[in-house]
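Student: Got work01.cif for you, mmCIF, C-alpha atoms:
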```cif
data_model
loop_
_atom_site.label_atom_id
_atom_site.label_comp_id
_atom_site.auth_asym_id
_atom_site.auth_seq_id
_atom_site.Cartn_x
_atom_site.Cartn_y
_atom_site.Cartn_z
CA MET O 179 77.42 86.94 -49.08
CA ASP O 180 75.72 90.22 -49.97
CA ILE O 181 72.69 89.74 -52.23
CA SER O 182 74.09 92.18 -54.82
CA VAL O 183 77.27 90.11 -55.07
CA ALA O 184 75.27 86.91 -55.54
CA LEU O 185 73.11 88.54 -58.23
CA ALA O 186 76.19 89.86 -60.04
CA LEU O 187 77.71 86.36 -60.11
CA VAL O 188 74.42 84.92 -61.39
CA SER O 189 74.47 87.56 -64.12
CA SER O 190 78.02 86.59 -65.06
CA ALA O 191 77.03 82.92 -65.29
CA PHE O 192 74.13 83.55 -67.67
CA LEU O 193 75.97 86.11 -69.81
CA GLY O 194 78.91 83.73 -70.14
CA THR O 195 76.57 80.91 -71.13
CA ALA O 196 74.96 83.13 -73.76
CA VAL O 197 78.35 83.70 -75.41
CA VAL O 198 78.90 79.94 -75.82
CA ILE O 199 75.41 79.39 -77.26
CA ALA O 200 75.92 82.34 -79.62
CA ASN O 201 79.15 80.81 -80.92
CA VAL O 202 77.19 77.70 -81.87
CA GLY O 203 74.26 79.65 -83.31
CA LEU O 204 76.45 81.78 -85.58
CA ARG O 205 77.31 78.63 -87.53
CA THR O 206 73.79 78.62 -88.96
CA LEU O 207 72.56 82.23 -88.74
CA ASP O 208 74.01 85.54 -89.97
CA PRO O 209 74.93 88.19 -87.35
CA ALA O 210 72.19 90.64 -88.41
CA ARG O 211 69.35 88.20 -87.88
CA ALA O 212 71.09 86.78 -84.81
CA THR O 213 71.17 90.19 -83.14
CA LEU O 214 67.52 90.85 -83.90
CA VAL O 215 66.35 87.44 -82.65
CA SER O 216 68.46 87.65 -79.49
CA ILE O 217 67.43 91.16 -78.41
CA ALA O 218 63.78 90.61 -79.35
CA SER O 219 63.76 87.37 -77.32
CA THR O 220 65.09 89.21 -74.29
CA ALA O 221 62.41 91.87 -74.70
CA ALA O 222 59.73 89.19 -75.02
CA LEU O 223 60.94 87.50 -71.82
CA CYS O 224 60.69 90.83 -69.97
CA TRP O 225 57.15 91.42 -71.27
CA VAL O 226 56.02 87.95 -70.16
CA LEU O 227 57.52 88.42 -66.71
CA ALA O 228 56.03 91.90 -66.41
CA ALA O 229 52.56 90.52 -67.17
CA PHE O 230 52.78 88.28 -64.10
CA VAL O 231 55.05 90.20 -61.74
CA SER O 232 55.13 93.95 -62.40
CA ARG O 233 52.45 96.21 -60.94
CA GLY O 234 53.95 99.50 -62.09
CA GLU O 235 54.50 100.70 -58.54
CA GLY O 236 56.72 103.71 -58.00
CA TRP O 237 56.06 105.13 -61.48
CA ASN O 238 58.53 107.85 -62.41
CA ALA O 239 58.56 109.53 -65.82
CA THR O 240 62.19 110.68 -65.52
CA ALA O 241 63.39 107.17 -64.73
CA LEU O 242 61.35 105.81 -67.65
CA ALA O 243 63.11 108.28 -69.95
CA VAL O 244 66.49 107.21 -68.54
CA PHE O 245 65.74 103.54 -69.19
CA ALA O 246 64.61 104.35 -72.74
CA VAL O 247 67.72 106.42 -73.51
CA VAL O 248 69.92 103.59 -72.27
CA GLY O 249 67.97 101.26 -74.57
CA LEU O 250 68.88 103.41 -77.57
CA ILE O 251 72.56 102.62 -77.10
CA PHE O 252 72.68 99.43 -74.99
CA PRO O 253 72.62 96.76 -76.23
CA ALA O 254 71.66 98.10 -79.70
CA LEU O 255 74.62 100.37 -80.50
CA VAL O 256 77.06 98.23 -78.52
CA THR O 257 76.11 95.18 -80.60
CA PHE O 258 76.88 96.97 -83.85
CA LEU O 259 80.17 98.28 -82.45
CA ASN O 260 81.08 94.73 -81.43
CA PHE O 261 80.41 93.44 -84.93
CA ALA O 262 82.40 96.29 -86.49
CA SER O 263 85.38 95.92 -84.15
CA ASN O 264 85.43 92.13 -84.52
CA ARG O 265 85.39 92.45 -88.30
CA VAL O 266 88.12 95.11 -88.47
CA THR O 267 90.47 94.32 -85.58
CA GLY O 268 89.64 90.67 -84.94
CA PRO O 269 88.13 89.00 -81.85
CA ALA O 270 91.35 89.11 -79.80
CA VAL O 271 91.72 92.90 -79.83
CA ALA O 272 87.96 93.49 -79.61
CA GLY O 273 87.62 91.12 -76.66
CA THR O 274 90.58 92.66 -74.87
CA MET O 275 89.15 96.16 -75.19
CA ALA O 276 85.71 94.94 -74.09
CA SER O 277 87.29 93.72 -70.86
CA THR O 278 87.88 97.34 -69.83
CA THR O 279 84.14 97.91 -69.26
CA PRO O 280 84.42 97.87 -65.42
CA LEU O 281 87.00 100.64 -65.53
CA PHE O 282 84.55 102.95 -67.33
CA ALA O 283 81.68 101.90 -65.05
CA VAL O 284 83.67 102.48 -61.87
CA LEU O 285 85.01 105.82 -63.12
CA GLY O 286 81.47 106.93 -63.97
CA ALA O 287 80.19 105.87 -60.56
CA ILE O 288 82.92 107.87 -58.84
CA LEU O 289 82.45 111.00 -60.97
CA PHE O 290 78.66 111.09 -61.32
CA LEU O 291 77.24 109.03 -58.45
CA GLY O 292 79.74 109.93 -55.77
CA GLU O 293 80.58 106.31 -54.96
CA PRO O 294 83.73 105.94 -52.83
CA LEU O 295 86.41 103.63 -54.21
CA THR O 296 87.88 101.47 -51.47
CA PRO O 297 91.33 99.85 -51.85
CA ALA O 298 89.68 96.42 -51.92
CA ALA O 299 87.27 97.42 -54.70
CA ALA O 300 90.09 99.02 -56.69
CA SER O 301 92.41 96.02 -56.42
CA GLY O 302 89.60 93.56 -57.15
CA THR O 303 88.54 95.54 -60.22
CA VAL O 304 92.08 95.69 -61.59
CA ALA O 305 92.59 91.97 -61.02
CA ILE O 306 89.35 91.07 -62.81
CA VAL O 307 90.06 93.39 -65.75
CA LEU O 308 93.54 91.90 -66.16
CA GLY O 309 92.17 88.38 -65.79
CA ALA O 310 89.39 88.93 -68.33
CA THR O 311 91.91 90.49 -70.70
CA ALA O 312 94.15 87.43 -70.45
CA LEU O 313 91.19 85.12 -71.07
CA THR O 314 89.94 87.00 -74.13
CA ALA O 315 93.25 88.01 -75.72
CA ARG O 316 94.41 84.51 -76.58
CA GLY O 317 95.39 83.19 -79.98
CA ALA O 318 98.18 83.51 -82.48
CA VAL O 319 99.66 86.94 -83.03
CA GLN O 320 98.97 88.25 -86.53
CA PRO O 321 100.30 91.36 -88.29
CA ARG O 322 98.12 94.44 -87.76
CA THR O 323 96.31 95.43 -90.95
CA TRP O 324 94.14 98.23 -89.56
CA ALA O 325 94.77 101.87 -88.67
CA THR O 326 95.52 102.75 -85.06
CA TRP O 327 92.42 104.93 -84.72
CA VAL O 328 90.20 101.86 -85.26
CA ILE O 329 90.88 100.88 -81.64
CA VAL O 330 88.29 103.55 -80.81
CA LEU O 331 85.51 101.15 -81.92
CA PRO O 332 85.90 98.47 -79.21
CA LEU O 333 86.85 101.10 -76.62
CA ALA O 334 83.66 102.99 -77.42
CA GLY O 335 81.68 99.79 -76.91
CA ALA O 336 83.31 99.25 -73.52
CA ALA O 337 82.69 102.87 -72.51
CA ILE O 338 79.03 102.64 -73.52
CA ARG O 339 78.53 99.42 -71.55
CA GLY O 340 80.16 100.95 -68.50
CA GLY O 341 78.20 104.17 -68.91
CA ALA O 342 74.95 102.24 -69.27
CA GLN O 343 75.55 100.52 -65.95
CA THR O 344 76.24 103.82 -64.21
CA THR O 345 73.20 105.45 -65.81
CA MET O 346 70.93 102.59 -64.81
CA LYS O 347 72.15 102.91 -61.22
CA TRP O 348 71.10 106.57 -61.32
CA GLY O 349 67.73 105.63 -62.78
CA PHE O 350 67.14 103.11 -60.00
CA ALA O 351 67.41 105.93 -57.48
CA LEU O 352 64.25 107.34 -59.10
CA TRP O 353 62.42 104.07 -59.83
CA PRO O 354 63.99 100.96 -58.27
CA ASP O 355 62.45 98.39 -60.63
CA PRO O 356 65.00 96.26 -62.57
CA LEU O 357 62.28 94.50 -64.56
CA VAL O 358 60.82 97.75 -65.88
CA ALA O 359 64.33 98.97 -66.71
CA ALA O 360 65.12 95.84 -68.71
CA LEU O 361 61.69 95.81 -70.38
CA VAL O 362 61.90 99.44 -71.52
CA GLY O 363 65.56 99.26 -72.52
CA TYR O 364 65.32 96.06 -74.53
CA THR O 365 62.04 97.05 -76.17
CA VAL O 366 63.65 100.26 -77.42
CA SER O 367 66.76 98.32 -78.50
CA SER O 368 64.59 95.84 -80.40
CA VAL O 369 63.04 98.66 -82.41
CA VAL O 370 66.45 100.23 -83.09
CA VAL O 371 68.03 96.94 -84.18
CA PHE O 372 65.05 96.05 -86.38
CA ALA O 373 65.19 99.41 -88.14
CA ALA O 374 68.97 99.34 -88.55
CA ASN O 375 69.06 95.75 -89.80
CA ARG O 376 66.37 96.02 -92.46
CA VAL O 377 68.90 96.72 -95.19
CA MET O 378 71.33 94.03 -94.03
CA ILE O 379 68.58 91.44 -93.69
CA ALA O 380 67.17 92.41 -97.09
CA ARG O 381 70.57 91.75 -98.65
CA ALA O 382 70.76 88.33 -97.01
CA ARG O 383 68.34 86.70 -99.44
CA ALA O 384 68.94 83.19 -98.13
CA VAL O 385 66.18 81.74 -95.96
CA PRO O 386 67.40 81.67 -92.33
CA ASP O 387 68.13 78.30 -90.78
CA ARG O 388 65.57 77.52 -88.08
CA ARG O 389 68.25 75.94 -85.93
CA GLY O 390 70.07 79.26 -85.77
CA ILE O 391 66.87 81.05 -84.79
CA TYR O 392 66.30 78.59 -81.95
CA TRP O 393 69.88 79.00 -80.75
CA PHE O 394 69.51 82.77 -80.59
CA VAL O 395 66.18 82.59 -78.83
CA ALA O 396 68.13 80.67 -76.18
CA VAL O 397 70.82 83.37 -76.28
CA GLY O 398 68.17 86.03 -75.73
CA LEU O 399 66.68 84.16 -72.78
CA CYS O 400 70.10 83.71 -71.15
CA ASN O 401 70.95 87.35 -71.74
CA GLY O 402 67.55 88.31 -70.33
CA VAL O 403 68.14 86.50 -67.06
CA GLY O 404 71.70 87.84 -66.95
CA ILE O 405 70.64 91.45 -67.52
CA LEU O 406 67.78 91.22 -65.01
CA ALA O 407 70.21 89.85 -62.42
CA MET O 408 72.73 92.60 -63.22
CA TYR O 409 70.10 95.34 -62.94
CA ALA O 410 68.85 93.86 -59.66
CA ALA O 411 72.44 93.82 -58.39
CA LEU O 412 72.98 97.45 -59.46
CA ASN O 413 69.74 98.39 -57.74
CA ARG O 414 70.99 96.94 -54.47
CA GLY O 415 74.76 97.35 -54.60
CA LYS O 416 77.60 99.61 -55.72
CA VAL O 417 78.63 99.90 -59.35
CA SER O 418 82.26 99.54 -58.26
CA VAL O 419 81.49 96.04 -56.97
CA VAL O 420 78.77 94.82 -59.34
CA SER O 421 80.37 95.79 -62.66
CA PRO O 422 83.68 93.94 -62.14
CA LEU O 423 81.87 90.82 -60.92
CA VAL O 424 79.61 90.79 -63.98
CA ALA O 425 82.74 91.17 -66.13
CA THR O 426 83.95 87.72 -64.99
CA TYR O 427 81.69 86.08 -67.59
CA PRO O 428 84.69 85.10 -69.82
CA LEU O 429 85.60 82.63 -67.07
CA VAL O 430 82.20 80.96 -67.46
CA THR O 431 82.54 81.00 -71.25
CA LEU O 432 85.97 79.39 -70.98
CA ALA O 433 84.73 76.61 -68.70
CA LEU O 434 81.67 75.79 -70.82
CA SER O 435 83.66 75.91 -74.06
CA ALA O 436 86.20 73.48 -72.64
CA LEU O 437 83.47 71.13 -71.40
CA PHE O 438 81.06 71.11 -74.34
CA LEU O 439 82.80 72.56 -77.41
CA ARG O 440 86.26 71.12 -76.79
CA GLU O 441 87.73 74.31 -78.21
CA GLU O 442 89.78 75.53 -75.26
CA LYS O 443 93.30 74.46 -74.36
CA LEU O 444 95.14 75.25 -71.15
CA SER O 445 98.08 77.62 -71.49
CA TRP O 446 99.98 79.93 -69.20
CA ARG O 447 97.81 82.82 -70.37
CA VAL O 448 94.59 80.96 -69.57
CA LEU O 449 95.83 79.88 -66.16
CA LEU O 450 96.98 83.43 -65.38
CA GLY O 451 93.61 84.80 -66.47
CA VAL O 452 91.73 82.32 -64.30
CA ALA O 453 93.93 83.05 -61.29
CA LEU O 454 93.59 86.83 -61.60
CA THR O 455 89.85 86.67 -62.16
CA VAL O 456 89.21 84.37 -59.22
CA ALA O 457 91.48 86.47 -56.99
CA GLY O 458 89.58 89.60 -57.96
CA VAL O 459 86.25 87.96 -57.19
CA VAL O 460 87.48 86.83 -53.77
CA VAL O 461 88.68 90.34 -52.94
CA LEU O 462 85.37 91.93 -53.98
CA VAL O 463 83.25 89.34 -52.19
CA ARG O 464 85.17 89.91 -48.98
CA ALA O 465 85.26 93.70 -49.36
#
```
Show how you would write the structure in this file as structure tokens.

Tutor:
Amino acid sequence: MDISVALALVSSAFLGTAVVIANVGLRTLDPARATLVSIASTAALCWVLAAFVSRGEGWNATALAVFAVVGLIFPALVTFLNFASNRVTGPAVAGTMASTTPLFAVLGAILFLGEPLTPAAASGTVAIVLGATALTARGAVQPRTWATWVIVLPLAGAAIRGGAQTTMKWGFALWPDPLVAALVGYTVSSVVVFAANRVMIARARAVPDRRGIYWFVAVGLCNGVGILAMYAALNRGKVSVVSPLVATYPLVTLALSALFLREEKLSWRVLLGVALTVAGVVVLVRA
């Protein structure tokens, strides 16, 4: 197995685990504080690792600027778009639209990086996107109470995530250091989220529950490992392979939720989602 494929699957495992932990943490902590604690924890993990591992070799000012610009919008802006889309459209629609991230990433890689799209990569990507959509779009159908244009919110989040992956791949051509990329990006995002959340946190006068803070420190650490693995995979492999594999994290979330939260039930949609996702992974791994 190619190392970039292995790293992408590791990333999927940790990102999927983070979603489950976040679901538990949100029972005791408001989303504004949760976002700040999670992103700041990821940044802190990167700083600790950098103190022991990074030597600053291959310094490139342009790449540093690229990493910082990505940090302005990912995960900072994406997090706020997720909250907004979940609140307005509901988690089913928001999750379904988020599953289209690999399509934007692959399109960006083709247009801006000149990556070739093989039939295997194309079919694997489509299978994973359809599988992730089936896994995230479950639940009872409810009447739509929001305007059609609101669908732009979750689609924008997916486009930004995909664009961030493509942009990071370009940055790695200038400075191939995933740890520096994560450190710079998440440090910038921490500042953005802190500044943007000051009003929301000020309005939440209740003292935060320590249990929630601990849960989201764990979320930040899982996301940190997941993002580092994803950046390392992007540094070594093609966006058209790495992005769809990372997008299989709903499969991990499903499995952990069924095992520990007892909140998942098997249905034809779940089984179809699992089958499509696994089939897509097999195709990409063998590509």

Student: Got a sec to resolve the PyMOL selection byres ((chain O and resi 187) around 10) on this structure and send the residues as a ChimeraX atom specification?

Tutor: /O:181-186,188-193,404,407-408,411,420,422-427,459

Student: Would you compute the distance between CA of Phe438 in chain O and CA of Gly402 in chain O? Give it in Å to one decimal.

Tutor: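 For CA of Phe438 in chain O relative to CA of Gly402 in chain O, the distance reads 22.2 Å.
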
Student: Using only C-alpha atoms, which residue out of O:Val452, O:Ala254, O:Ala299, O:Ala262 lies closest to Gly363 in chain O?

Tutor: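 Checking each of O:Val452, O:Ala254, O:Ala299, O:Ala262 against Gly363 in chain O, counting only C-alpha atoms, the winner is O:Ala254.
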
Student: My list of candidates is O:Thr220, O:Trp237, O:Val256, O:Val284. Which is closest to Thr296 in chain O when distances are computed with all atoms listed in the file?

Tutor: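 That would be O:Val284, the residue with the smallest distance to Thr296 in chain O.
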
Student: To test your reading of the syntax: which residues would the PyMOL selection byres ((chain O and resi 395-401) around 8) return for the file shown? Reply as JSON, numbers by chain.

Tutor: {"O": [192, 193, 195, 196, 197, 199, 200, 215, 216, 217, 218, 219, 220, 223, 391, 392, 393, 394, 402, 403, 404, 405]}

Student: Check what the PyMOL selection byres ((chain O and resi 245) around 7) selects in the file above and give those residues as a ChimeraX atom specification.

Tutor: /O:241-244,246-249,346,359,362-363

Student: Kindly give the distance, in Å, that separates CA of Ala337 in chain O and CA of Trp353 in chain O, rounded to a single decimal.

Tutor: 23.9 Å

Student: Please write as number ranges by chain the list of polymer residues whose atoms come within 10 Å of (76.6, 97.8, -78.7), counting only C-alpha atoms and keeping to the coordinates of the file.

Tutor: O: 250-262, 332, 334-336, 338-339, 367

Student: CA of Leu207 in chain O to CA of Thr274 in chain O: how many Å, to one decimal?

Tutor: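 These two atoms are separated by 25.0 Å.
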
Student: Counting all atoms listed in the file, figure out which residue out of O:Val463, O:Ala212, O:Val366, O:Val417 gets nearest to Thr279 in chain O.

Tutor: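 Going through O:Val463, O:Ala212, O:Val366, O:Val417 one by one, the smallest distance to Thr279 in chain O is for O:Val417.
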
Student: My list of candidates is O:Leu439, O:Thr344, O:Leu434, O:Val456. Which is closest to Gly292 in chain O when distances are computed with only C-alpha atoms?

Tutor: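 Looking only at the distances to Gly292 in chain O, the closest residue turns out to be O:Thr344.
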
Student: Using all atoms listed in the file, find the one residue out of O:Gly390, O:Gly286, O:Gly302, O:Gly194 that sits nearest to Trp348 in chain O.

Tutor: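 Once distances to Trp348 in chain O are computed over all atoms listed in the file, the minimum belongs to O:Gly286.
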